Every structure is written in structure tokens, then in C-alpha cells.
Amino acid sequence: MDTKVMQKLSYGLFVLTAKDGEKDNGCIINTAVQVTSEPNRITIAVNKGNFTHDMVKKTGCFNVSILSEAAKFGTFQHFGFQSGRDTDKTVGITYKRSANGVIYIDSAEVNAYISGKVIQSIDLGTHTLFIADVTDGEVLNPEASATYAYYFANIKPAPDKKQESKKGWICTICGYIYEGDPLPEDFICPICKHPASDFKKM
């Protein structure tokens, strides 16, 4: 099977944020989907390796900031390439708090936000699927939403030629290089938490 077939599915990119006590945090996710309109519900799939995952699981509250085509690669680096366990993700960003007390990104890079309250969770192995009632939301600007395909074509920088001269496997999401062969089937990128299927041989 050609695993790249999965990259042809059309879906967006989002900043998932949560709050636990005084701690705010956020991470990049690519799965946020409306599943019913009456009642208004969405699902989000979150990698268990993300600190935000643990916060959502504990508190049951979250916001999804919908990234637009105006999003910069630095935003993906800020929320996707470092852990909130040892980094304050609120530093250097513009944000507001919604009625649930959780931050959402308030900049031209985000066209809307949705607030959710978890009603059920399903263990998917590496990820948890959270089913949530939509409790709030607002359209912030008319920019088109960034799709996964748009990210690869227009936001993510081209690979560094020096990196490509190395031997091993490269993460097509963040550029992390795994030096060795073969790449373990259960390997998870230590930077962006994506699975082995998102790596290509160098």
C-alpha cells in the first residue's frame, strides 16, 4: 500500500488549546470535524504524546483555532515542534479567552474558533478521539481555511538540501531526520508526534 494516499484526504490544520489550573497550552492537530448539527457536535483526534491531550482528557474543555491560508510556518513551529511540558506556549502569540476560559488564537492567521465540551472519548491506540458538544464559536475573518495540501504546497518550507544528503528517514511534516534503517513501524516523530507513515526514505 502507498501510505501517501492518506495525504490526499482533504482536511484542515488547527491549533488545539486547553487550560488546566493556571496552565495554558496548545498543539497542532489536523483532525477536527463536525459530526452532527443537531446537537452540534465535533470530533478531534489528539496524539497521546501531546501535553494538550492530557489537559483535554482531564478538563474536558478545549478550543479549536482554525488556521487560515495566512498562517505562517512559525506558528506551526511554535505549537507543533516544542512541548508545553517545558515551554510556555502563550509567549509571543496574540490570544483571547472564550467563555470557557480557554485561550484561542486572535490573529490574521486564524479565521475562526470553536469551543468544545467533551462528552465521550475513544481510545485509538496512539491517539484519543474526543467527541464534544460545541459550546461557543466565532468567525474572526473571511480568509480561507488552510488545508493539509495547502500547508505542504505554500506554508511548509522546501527541504534543506544539506539534510537531504544524510542517510535515513525524514519526517514530511517537520523535517526531523531518523538516521538508521529500517524505520520501526511504530516510530513516532519526537518533534511533531507524527507516525512512521509520515516519513520518507532519504
# chains A, B, ... in the order shown; residues from 1 in each chain; ligands from 1
$ residues_around --residues "stretch 30-41 of chain A" --least-positions-apart "5" --cutoff "6 Å" --atoms "only C-alpha atoms" --output "list in words"
Gly12, Leu13, Ala132, Asp133 and Val134 of chain A
$ residues_around --residues "A:Gly168" --least-positions-apart "2" --cutoff "6 Å" --atoms "only C-alpha atoms" --output "list in words"
Tyr178, Glu179, Gly180 and Met202 of chain A
$ atom_distance --atom1 "atom CA of A:Lys48" --atom2 "atom CA of A:Thr126"
5.9 Å
$ atom_distance --atom1 "atom CA of A:Val46" --atom2 "atom CA of A:Ala70"
23.7 Å
$ atom_distance --atom1 "atom CA of A:Lys167" --atom2 "atom CA of A:Lys201"
8.0 Å
$ closest_residue --among "A:Gly92, A:Ser65, A:Leu124, A:Tyr150" --to "A:Asp106" --atoms "only C-alpha atoms"
A:Ser65
$ residues_around --residues "A:Lys57" --least-positions-apart "3" --cutoff "12 Å" --atoms "only C-alpha atoms" --output "PDB file with C-alpha atoms, in the first residue's frame"
ATOM      1  CA  ALA A  18      -6.681  23.779  26.689  1.00  0.00           C
ATOM      2  CA  LYS A  19      -6.327  25.065  30.259  1.00  0.00           C
ATOM      3  CA  ASP A  20      -5.615  23.167  33.452  1.00  0.00           C
ATOM      4  CA  ILE A  44     -10.990  15.909  17.461  1.00  0.00           C
ATOM      5  CA  ALA A  45      -8.238  13.280  17.335  1.00  0.00           C
ATOM      6  CA  VAL A  46      -5.227  14.095  19.518  1.00  0.00           C
ATOM      7  CA  ASN A  47      -1.905  12.273  19.792  1.00  0.00           C
ATOM      8  CA  LYS A  48      -1.388  10.921  23.322  1.00  0.00           C
ATOM      9  CA  ASN A  50       0.947  15.820  23.310  1.00  0.00           C
ATOM     10  CA  PHE A  51       0.658  17.554  26.676  1.00  0.00           C
ATOM     11  CA  THR A  52      -2.540  19.216  25.415  1.00  0.00           C
ATOM     12  CA  HIS A  53      -4.054  15.736  25.063  1.00  0.00           C
ATOM     13  CA  ASP A  54      -3.687  15.149  28.797  1.00  0.00           C
ATOM     14  CA  GLY A  60     -12.966  18.102  29.112  1.00  0.00           C
ATOM     15  CA  CYS A  61     -12.762  21.646  27.705  1.00  0.00           C
ATOM     16  CA  PHE A  62     -10.915  22.946  24.667  1.00  0.00           C
ATOM     17  CA  LYS A 117     -17.006  20.261  25.868  1.00  0.00           C
ATOM     18  CA  VAL A 118     -16.060  16.571  25.771  1.00  0.00           C
ATOM     19  CA  ILE A 119     -18.947  14.129  26.166  1.00  0.00           C
ATOM     20  CA  GLN A 120     -17.129  10.928  25.168  1.00  0.00           C
ATOM     21  CA  SER A 121     -13.627   9.705  24.381  1.00  0.00           C
ATOM     22  CA  ILE A 122     -12.481   6.683  22.384  1.00  0.00           C
ATOM     23  CA  ASP A 123      -9.010   5.145  22.672  1.00  0.00           C
ATOM     24  CA  HIS A 127      -4.497   8.907  19.663  1.00  0.00           C
ATOM     25  CA  THR A 128      -7.692   9.637  21.558  1.00  0.00           C
ATOM     26  CA  LEU A 129     -10.830  10.608  19.678  1.00  0.00           C
ATOM     27  CA  PHE A 130     -12.785  13.167  21.687  1.00  0.00           C
ATOM     28  CA  ILE A 131     -16.466  13.719  20.863  1.00  0.00           C
ATOM     29  CA  ALA A 132     -17.627  17.109  22.073  1.00  0.00           C
TER      30      ALA A 132
END
$ closest_residue --among "A:Gly137, A:Gly125, A:Gly80, A:Gly21" --to "A:Asn111" --atoms "only C-alpha atoms"
A:Gly137
$ closest_residue --among "A:Ile191, A:Leu16, A:Leu9, A:Cys27" --to "A:Tyr148" --atoms "only C-alpha atoms"
A:Leu9
$ select_by_dssp --residues "stretch 4-112 of chain A" --states "strand (DSSP E or B)" --output "PyMOL selection string"
chain A and resi 12+14-20+23-29+32-37+40-47+61-68+95-97+103-105+110-112
$ select_by_dssp --residues "stretch 126-188 of chain A" --states "alpha helix (DSSP H)" --output "number ranges by chain"
A: 148-150, 161-164
$ write_last_selection --atoms "N, CA and C atoms" --output "short mmCIF file (atom, residue, chain, number, x, y, z; two decimals), in the first residue's frame"
data_model
loop_
_atom_site.label_atom_id
_atom_site.label_comp_id
_atom_site.auth_asym_id
_atom_site.auth_seq_id
_atom_site.Cartn_x
_atom_site.Cartn_y
_atom_site.Cartn_z
N TYR A 148 -4.50 20.70 4.57
CA TYR A 148 -3.24 19.97 4.67
C TYR A 148 -2.44 20.13 3.38
N ALA A 149 -3.12 20.02 2.24
CA ALA A 149 -2.45 20.16 0.94
C ALA A 149 -1.88 21.57 0.77
N TYR A 150 -2.65 22.59 1.19
CA TYR A 150 -2.17 23.97 1.08
C TYR A 150 -0.93 24.17 1.93
N LYS A 161 18.63 21.13 1.46
CA LYS A 161 19.44 20.23 0.64
C LYS A 161 20.54 19.54 1.45
N LYS A 162 21.04 20.22 2.49
CA LYS A 162 22.07 19.60 3.34
C LYS A 162 21.48 18.42 4.10
N GLN A 163 20.24 18.58 4.56
CA GLN A 163 19.59 17.48 5.27
C GLN A 163 19.36 16.30 4.35
N GLU A 164 19.00 16.59 3.08
CA GLU A 164 18.68 15.52 2.15
C GLU A 164 19.90 14.68 1.80
#
